[in-house]
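The file work-v7.txt contains compact mmCIF, C-alpha atoms and all ligand atoms:
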```txt
# COMPACT_ATOMS: atom_id res chain seq x y z
CA MET T 6 -7.34 17.33 -28.55
CA ARG T 7 -4.34 17.86 -30.79
CA ARG T 8 -4.84 20.36 -33.64
CA GLN T 9 -2.77 20.48 -36.80
CA PRO T 10 0.37 22.45 -35.88
CA GLU T 11 0.80 25.93 -37.36
CA ASN T 12 4.55 25.96 -36.86
CA ALA T 13 7.23 23.97 -38.66
CA ALA T 14 9.30 21.73 -36.41
CA PRO T 15 12.80 23.11 -35.61
CA PRO T 16 15.88 21.22 -36.93
CA ASP T 17 16.52 19.68 -33.49
CA ALA T 18 12.89 18.56 -32.96
CA ASP T 19 13.78 14.87 -32.75
CA THR T 20 16.51 15.56 -30.22
CA ARG T 21 14.13 17.55 -28.04
CA ARG T 22 11.47 14.83 -28.24
CA ALA T 23 14.01 12.14 -27.39
CA VAL T 24 14.73 13.58 -23.94
CA ALA T 25 13.86 10.89 -21.39
CA PRO T 26 11.02 11.70 -18.99
CA VAL T 27 11.50 12.08 -15.26
CA ILE T 28 8.84 10.92 -12.81
CA CYS T 29 7.41 14.09 -11.21
CA TYR T 30 7.02 12.78 -7.69
CA LEU T 31 9.32 10.10 -6.37
CA THR T 32 7.09 8.15 -4.04
CA ASP T 33 9.81 6.12 -2.34
CA ARG T 34 9.68 8.62 0.54
CA LEU T 35 5.90 8.38 0.92
CA PRO T 36 4.78 6.62 4.06
CA SER T 37 3.44 3.44 2.52
CA PRO T 38 1.48 0.66 4.18
CA ASP T 39 3.18 -2.62 4.99
CA PRO T 40 1.63 -5.42 2.85
CA ALA T 41 1.91 -7.83 5.81
CA LYS T 42 -0.08 -5.41 7.97
CA ILE T 43 -2.74 -5.10 5.26
CA ALA T 44 -2.99 -8.90 5.01
CA ALA T 45 -3.30 -9.24 8.80
CA LEU T 46 -5.96 -6.55 8.90
CA ARG T 47 -8.00 -8.28 6.21
CA ARG T 48 -7.94 -11.63 8.02
CA GLY T 49 -9.82 -10.18 10.98
CA LEU T 50 -12.65 -8.32 9.20
CA ARG T 51 -16.02 -8.43 10.95
CA PRO T 52 -19.17 -7.24 9.09
CA ALA T 53 -20.52 -3.95 10.47
CA GLY T 54 -23.46 -3.08 8.22
CA GLY T 55 -23.68 -1.20 4.96
CA VAL T 56 -26.04 0.05 2.27
CA ILE T 57 -27.04 -0.74 -1.29
CA VAL T 58 -26.66 2.16 -3.73
CA PRO T 59 -29.58 2.02 -6.19
CA PRO T 60 -28.85 2.49 -9.92
CA ARG T 61 -28.67 6.17 -11.03
CA ASP T 62 -28.62 7.26 -7.39
CA ALA T 63 -26.12 7.70 -4.55
CA ARG T 64 -25.76 7.04 -0.84
CA VAL T 65 -23.48 8.43 1.87
CA VAL T 66 -22.23 6.31 4.78
CA ALA T 67 -20.13 7.20 7.81
CA VAL T 68 -16.92 5.14 8.05
CA ARG T 69 -15.05 5.40 11.34
CA ALA T 70 -11.25 5.57 11.36
CA GLY T 71 -10.06 1.98 11.51
CA GLN T 72 -13.04 0.55 9.63
CA VAL T 73 -12.92 -0.95 6.16
CA LEU T 74 -15.28 0.12 3.37
CA ARG T 75 -15.79 -2.50 0.66
CA ILE T 76 -17.35 -1.22 -2.57
CA THR T 77 -19.03 -4.17 -4.25
CA CYS T 78 -20.63 -5.08 -7.55
CA PRO T 79 -23.54 -7.24 -6.36
CA GLU T 80 -25.44 -7.75 -9.64
CA GLY T 81 -24.05 -6.59 -12.98
CA PRO T 82 -21.24 -4.45 -14.45
CA GLN T 83 -21.54 -1.01 -12.92
CA VAL T 84 -19.23 1.94 -12.38
CA GLY T 85 -19.26 4.05 -9.20
CA ASP T 86 -18.18 7.62 -8.49
CA LEU T 87 -16.68 7.97 -5.01
CA ASN T 88 -16.37 11.10 -2.86
CA LEU T 89 -14.69 11.19 0.55
CA TRP T 90 -15.07 13.86 3.21
CA SER T 91 -13.55 14.11 6.67
CA ALA T 92 -16.46 13.53 9.07
CA ALA T 93 -14.93 16.19 11.37
CA SER T 94 -14.89 18.90 8.67
CA LEU T 95 -16.56 18.47 5.29
CA GLU T 96 -14.20 21.02 3.76
CA GLU T 97 -11.43 18.42 4.01
CA ARG T 98 -12.11 16.22 1.03
CA PHE T 99 -10.51 13.85 -1.42
CA TYR T 100 -8.00 15.46 -3.82
CA SER T 101 -8.05 13.35 -6.96
CA GLY T 102 -5.49 15.52 -8.78
CA LYS T 103 -2.75 15.14 -6.16
CA THR T 104 -3.62 11.46 -5.69
CA ARG T 105 -3.10 11.08 -9.45
CA ALA T 106 0.21 12.98 -9.33
CA LEU T 107 1.46 10.81 -6.48
CA HIS T 108 0.24 7.33 -7.43
CA GLY T 109 -0.70 7.47 -11.12
CA ALA T 110 -3.86 7.90 -13.17
CA HIS T 111 -5.35 4.64 -11.86
CA VAL T 112 -5.10 3.34 -8.30
CA SER T 113 -5.03 -0.11 -6.73
CA THR T 114 -3.94 -1.99 -3.61
CA GLY T 115 -1.47 -0.08 -1.44
CA ASP T 116 -2.27 3.34 -2.92
CA ARG T 117 -3.67 6.06 -0.66
CA LEU T 118 -6.49 8.52 -1.30
CA TRP T 119 -5.21 11.95 -0.23
CA SER T 120 -7.07 15.01 1.06
CA GLY T 121 -6.53 18.54 -0.24
CA PHE T 122 -4.51 21.45 1.13
CA PRO T 123 -3.73 22.44 3.79
CA ARG T 124 -3.96 18.97 5.31
CA LEU T 125 -2.74 16.71 2.50
CA ARG T 126 -2.96 13.42 4.39
CA PRO T 127 -4.14 9.95 3.44
CA MET T 128 -7.89 9.69 4.05
CA ALA T 129 -8.00 6.02 3.06
CA THR T 130 -5.69 3.23 1.92
CA ILE T 131 -6.72 0.67 -0.70
CA THR T 132 -6.40 -2.74 0.95
CA HIS T 133 -7.75 -5.00 -1.80
CA ASP T 134 -8.74 -4.81 -5.46
CA THR T 135 -10.16 -7.87 -7.21
CA LEU T 136 -9.50 -6.17 -10.58
CA ASP T 137 -5.76 -5.73 -9.99
CA TRP T 138 -5.13 -8.42 -12.64
CA TYR T 139 -6.38 -6.05 -15.38
CA GLY T 140 -3.27 -3.89 -15.58
CA LEU T 141 -2.85 -1.64 -18.61
CA ASP T 142 -4.65 -2.89 -21.74
CA ALA T 143 -3.64 -2.48 -25.40
CA PHE T 144 -5.55 0.83 -25.64
CA GLY T 145 -3.81 2.29 -22.59
CA GLY T 146 -6.92 1.70 -20.47
CA ALA T 147 -6.93 0.69 -16.80
CA VAL T 148 -9.47 0.60 -13.97
CA HIS T 149 -10.23 2.82 -10.94
CA ASP T 150 -9.14 6.17 -12.36
CA VAL T 151 -8.51 9.50 -10.70
CA ILE T 152 -8.67 11.30 -14.06
CA GLY T 153 -12.36 11.86 -14.63
CA THR T 154 -14.29 14.51 -12.84
CA ARG T 155 -17.79 12.87 -12.53
CA CYS T 156 -20.69 13.20 -14.96
CA ASP T 157 -22.68 16.36 -14.25
CA PRO T 158 -25.74 18.23 -15.51
CA TYR T 159 -23.76 21.34 -16.47
CA THR T 160 -21.46 19.62 -18.97
CA ASN T 161 -24.41 17.58 -20.20
CA ARG T 162 -26.36 20.79 -20.87
CA LEU T 163 -23.34 22.35 -22.54
CA LEU T 164 -22.95 19.42 -24.92
CA SER T 165 -26.53 18.19 -25.41
CA GLY T 166 -28.67 21.19 -24.47
CA GLY T 167 -30.88 19.06 -22.23
CA ASP T 168 -31.32 18.72 -18.48
CA TYR T 169 -30.63 15.38 -16.81
CA HIS T 170 -30.95 15.09 -13.02
CA HIS T 171 -29.30 11.73 -12.30
CA CYS T 172 -25.68 12.45 -13.21
CA CYS T 173 -23.21 11.42 -10.50
CA HIS T 174 -22.75 15.07 -9.46
CA SER T 175 -26.47 15.44 -8.76
CA ASN T 176 -26.76 12.00 -7.16
CA LEU T 177 -23.88 12.79 -4.77
CA THR T 178 -25.36 16.22 -4.01
CA ARG T 179 -28.75 14.75 -3.04
CA ALA T 180 -27.15 11.96 -1.01
CA LEU T 181 -24.91 14.38 0.93
CA ALA T 182 -27.88 16.69 1.58
CA ASP T 183 -29.96 13.74 2.82
CA HIS T 184 -27.16 12.47 5.08
CA THR T 185 -26.18 15.82 6.61
CA GLY T 186 -29.45 17.75 6.49
CA LEU T 187 -27.71 20.52 4.52
CA PRO T 188 -29.82 22.39 1.93
CA ILE T 189 -29.14 21.12 -1.59
CA LYS T 190 -27.35 24.37 -2.58
CA GLU T 191 -24.98 24.07 0.39
CA ALA T 192 -24.31 20.41 -0.25
CA GLU T 193 -23.50 20.88 -3.94
CA PRO T 194 -20.19 22.82 -3.55
CA LEU T 195 -18.89 20.07 -1.25
CA VAL T 196 -19.14 17.48 -4.04
CA HIS T 197 -15.75 17.07 -5.70
CA ASP T 198 -13.72 15.20 -8.30
CA VAL T 199 -14.00 11.49 -7.76
CA LEU T 200 -12.32 8.14 -7.71
CA ASN T 201 -14.03 6.33 -10.58
CA VAL T 202 -14.44 2.91 -9.01
CA PHE T 203 -14.42 0.03 -11.54
CA MET T 204 -14.38 2.48 -14.49
CA CYS T 205 -11.98 1.61 -17.34
CA THR T 206 -10.39 4.70 -18.83
CA GLY T 207 -7.32 6.16 -20.46
CA PHE T 208 -6.21 8.70 -23.05
CA SER T 209 -6.48 7.99 -26.78
CA ARG T 210 -3.01 7.70 -28.27
CA ASP T 211 -3.90 9.60 -31.48
CA THR T 212 -5.86 12.56 -30.06
CA ASP T 213 -4.87 12.49 -26.36
CA GLN T 214 -8.56 12.53 -25.33
CA TYR T 215 -10.05 10.97 -22.21
CA PHE T 216 -11.75 7.71 -23.16
CA MET T 217 -13.88 5.12 -21.41
CA LYS T 218 -14.67 1.55 -22.33
CA ALA T 219 -16.93 -1.14 -20.93
CA SER T 220 -15.70 -1.94 -17.43
CA PRO T 221 -14.29 -5.44 -16.84
CA VAL T 222 -16.06 -5.52 -13.44
CA ARG T 223 -18.33 -8.51 -12.84
CA GLN T 224 -20.68 -9.60 -10.09
CA GLY T 225 -18.63 -10.34 -6.98
CA ASP T 226 -15.77 -7.92 -7.67
CA PHE T 227 -14.87 -5.34 -5.05
CA LEU T 228 -12.51 -2.52 -4.11
CA GLU T 229 -11.71 -2.21 -0.43
CA LEU T 230 -10.54 0.87 1.51
CA TYR T 231 -9.22 1.24 5.04
CA ALA T 232 -10.40 4.51 6.62
CA GLU T 233 -7.38 6.38 8.00
CA ILE T 234 -9.57 9.11 9.54
CA ASP T 235 -13.30 9.37 10.32
CA LEU T 236 -14.98 9.66 6.94
CA LEU T 237 -18.20 10.24 5.13
CA ALA T 238 -18.10 8.24 1.91
CA GLY T 239 -20.49 9.05 -0.95
CA LEU T 240 -20.95 6.66 -3.85
CA SER T 241 -23.01 7.18 -7.00
CA ALA T 242 -24.02 4.29 -9.26
CA CYS T 243 -23.29 6.16 -12.52
CA PRO T 244 -26.10 6.44 -15.10
CA GLY T 245 -23.49 5.22 -17.59
CA GLY T 246 -23.74 1.68 -16.13
CA ASP T 247 -20.54 -0.07 -17.23
CA CYS T 248 -19.65 3.14 -19.15
CA GLY T 249 -19.24 1.19 -22.40
CA ALA T 250 -21.35 3.59 -24.47
CA GLU T 251 -22.72 6.76 -22.90
CA HIS T 252 -23.58 8.43 -19.61
CA SER T 253 -25.76 11.37 -18.56
CA SER T 254 -28.91 9.63 -19.81
CA ASP T 255 -31.26 6.75 -18.98
CA SER T 256 -30.16 4.66 -21.98
CA ALA T 257 -27.46 2.43 -20.39
CA ALA T 258 -28.24 -0.71 -18.37
CA CYS T 259 -27.54 0.16 -14.72
CA TYR T 260 -27.09 -1.99 -11.63
CA PRO T 261 -26.78 -1.29 -7.92
CA LEU T 262 -23.49 -1.06 -6.02
CA GLY T 263 -22.81 -2.10 -2.43
CA MET T 264 -21.06 -0.22 0.38
CA GLU T 265 -20.20 -2.80 3.03
CA LEU T 266 -18.56 -1.84 6.32
CA PHE T 267 -16.22 -4.00 8.36
CA ASP T 268 -14.54 -3.64 11.74
CA VAL T 269 -10.95 -4.81 12.09
CA SER T 270 -9.49 -6.65 15.08
CA ASP T 271 -8.36 -4.57 18.06
CA GLU T 272 -4.75 -5.76 17.61
CA CYS T 273 -4.66 -4.61 13.99
CA ARG T 274 -6.34 -1.33 14.84
CA ALA T 275 -3.70 -0.68 17.51
CA GLU T 276 -0.93 -1.02 14.93
CA TRP T 277 -2.24 1.77 12.69
CA THR T 278 -1.83 5.42 13.58
CA SER T 279 -4.31 7.92 12.19
CA PRO T 280 -2.34 10.45 10.09
CA GLY T 281 -2.22 14.08 11.19
CA PRO T 282 -2.36 17.07 8.84
CA SER T 283 0.68 18.25 6.89
CA GLY T 284 3.39 19.83 9.02
CA TYR T 285 3.88 22.75 6.63
CA ASP T 286 3.62 26.02 8.60
CA ARG T 287 1.38 27.75 5.99
CA THR T 288 3.34 31.02 6.07
CA HIS T 289 4.05 30.79 2.30
CA GLY T 290 7.19 32.87 2.63
CA ARG T 291 5.55 35.76 4.55
ZN ZN U 1 -21.39 9.27 -13.61
```

As structure tokens, the full file:
Amino acid sequence: MRRQPENAAPPDADTRRAVAPVICYLTDRLPSPDPAKIAALRRGLRPAGGVIVPPRDARVVAVRAGQVLRITCPEGPQVGDLNLWSAASLEERFYSGKTRALHGAHVSTGDRLWSGFPRLRPMATITHDTLDWYGLDAFGGAVHDVIGTRCDPYTNRLLSGGDYHHCCHSNLTRALADHTGLPIKEAEPLVHDVLNVFMCTGFSRDTDQYFMKASPVRQGDFLELYAEIDLLAGLSACPGGDCGAEHSSDSAACYPLGMELFDVSDECRAEWTSPGPSGYDRTHGR
């Protein structure tokens, strides 16, 4: 939040502000998926099971490399908080900050969801987004952000003084513990910053604060991901519902979310190569 400045602007303030920005990461050298290959892949999808995520709760599913995970809105407007782990090693997990730096604050079809250091590889590629029409609204809001961190009982306690046990952080912790058999205190540190599926967010122009607004998602919408490596995917149906008013409480109307799995045709599968870890030698100058 911007405070009133204590210092007078220098004489060349306007000149300094007028410097044109430079995009931090030029993504034209990123390995990006061929739209024709994505289209071919989607034509051959065969249903392979899935789960319903109950409101104010979470579920974890295993998604094999080469499968598609479709996150659906089967009933009413509902936001989901997504975590991804490598099934081979839960310490390799989704890195929302670097995904944001590479692709932007909101992601859609063709963007990748990257894992953290030292691997830094695409864990999944977004193959379809029924909300891609939304774009950037007049408030600077857009959907599917990699800005927010997930609602959690610690921040809730800090700001409200109360304890609430169905924040996305807690929901994902319980779901990961249930799926893996890990004790709850070992599962918790593996939960990480999320992709906010269907959530509509941005930064307020006047105060530069993170905002949310009622999601434009409707029954039948979905976001679809192609698993580049073997994954565990955790999804929480946020207690904020469509996140149009508040979260971290039982006051919002909440609906379930779907996690549907699909196999792709053998020909399409053969055309995709699972990405290896970063080639950096990790010597860091020593
Ligand atoms: Zn939440």

Proximity check chain T to ligand ZN 1 (chain U), 8 Å, nearest pairs one decimal Å, all atoms listed in the file, as a tab-separated table:
```
residue	atom	partner	partner_atom	distance
T:Val84	CA	U:ZN1	ZN	7.7
T:Gly85	CA	U:ZN1	ZN	7.2
T:Asp86	CA	U:ZN1	ZN	6.3
T:Arg155	CA	U:ZN1	ZN	5.2
T:Cys156	CA	U:ZN1	ZN	4.2
T:Asp157	CA	U:ZN1	ZN	7.2
T:Cys172	CA	U:ZN1	ZN	5.4
T:Cys173	CA	U:ZN1	ZN	4.2
T:His174	CA	U:ZN1	ZN	7.3
T:Ser241	CA	U:ZN1	ZN	7.1
T:Ala242	CA	U:ZN1	ZN	7.1
T:Cys243	CA	U:ZN1	ZN	3.8
T:Pro244	CA	U:ZN1	ZN	5.7
T:Gly245	CA	U:ZN1	ZN	6.1
T:His252	CA	U:ZN1	ZN	6.4
T:Ser253	CA	U:ZN1	ZN	6.9
```

Once you count only C-alpha atoms, what closest atom pair and distance in Å to one decimal does each residue of stretch 145-224 of chain T within 9 Å of stretch 56-71 of chain T have, with rows by chain and rising residue number, as CSV?
```
residue,atom,partner,partner_atom,distance
T:His171,CA,T:Arg61,CA,5.7
T:Cys172,CA,T:Arg61,CA,7.3
T:Cys173,CA,T:Asp62,CA,7.5
T:Ser175,CA,T:Asp62,CA,8.6
T:Asn176,CA,T:Ala63,CA,5.1
T:Leu177,CA,T:Ala63,CA,5.6
T:Thr178,CA,T:Ala63,CA,8.6
T:Arg179,CA,T:Ala63,CA,7.7
T:Ala180,CA,T:Arg64,CA,5.1
T:Leu181,CA,T:Val65,CA,6.2
T:Asp183,CA,T:Val65,CA,8.4
T:His184,CA,T:Val65,CA,6.3
```

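Note that atom CA of T:Leu195 and atom CA of T:Pro158 are 15.9 Å apart.
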
Neighbour list for stretch 140-147 of chain T as an mmCIF file with C-alpha atoms, in the coordinates of the input, cut-off 9 Å, all atoms listed in the file, skip fewer than 5 positions in-chain:
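File written: around_13.cif
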```
data_model
loop_
_atom_site.group_PDB
_atom_site.id
_atom_site.type_symbol
_atom_site.label_atom_id
_atom_site.label_comp_id
_atom_site.auth_asym_id
_atom_site.auth_seq_id
_atom_site.Cartn_x
_atom_site.Cartn_y
_atom_site.Cartn_z
ATOM 1 C CA ALA T 110 -3.860 7.900 -13.170
ATOM 2 C CA HIS T 111 -5.350 4.640 -11.860
ATOM 3 C CA MET T 204 -14.380 2.480 -14.490
ATOM 4 C CA CYS T 205 -11.980 1.610 -17.340
ATOM 5 C CA THR T 206 -10.390 4.700 -18.830
ATOM 6 C CA GLY T 207 -7.320 6.160 -20.460
ATOM 7 C CA PHE T 208 -6.210 8.700 -23.050
ATOM 8 C CA SER T 209 -6.480 7.990 -26.780
ATOM 9 C CA ARG T 210 -3.010 7.700 -28.270
ATOM 10 C CA PHE T 216 -11.750 7.710 -23.160
ATOM 11 C CA MET T 217 -13.880 5.120 -21.410
ATOM 12 C CA LYS T 218 -14.670 1.550 -22.330
#
```

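Closest approach to T:Asn161 from the set T:Gln9, T:Ser254, T:Thr278, T:Thr130 is made by T:Ser254, with distances taken over all atoms listed in the file.
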
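The smallest atom-to-atom distance between T:Arg274 and any of T:Leu50, T:Leu236, T:Ala129, T:Leu107, using all atoms listed in the file, is found for T:Leu50.
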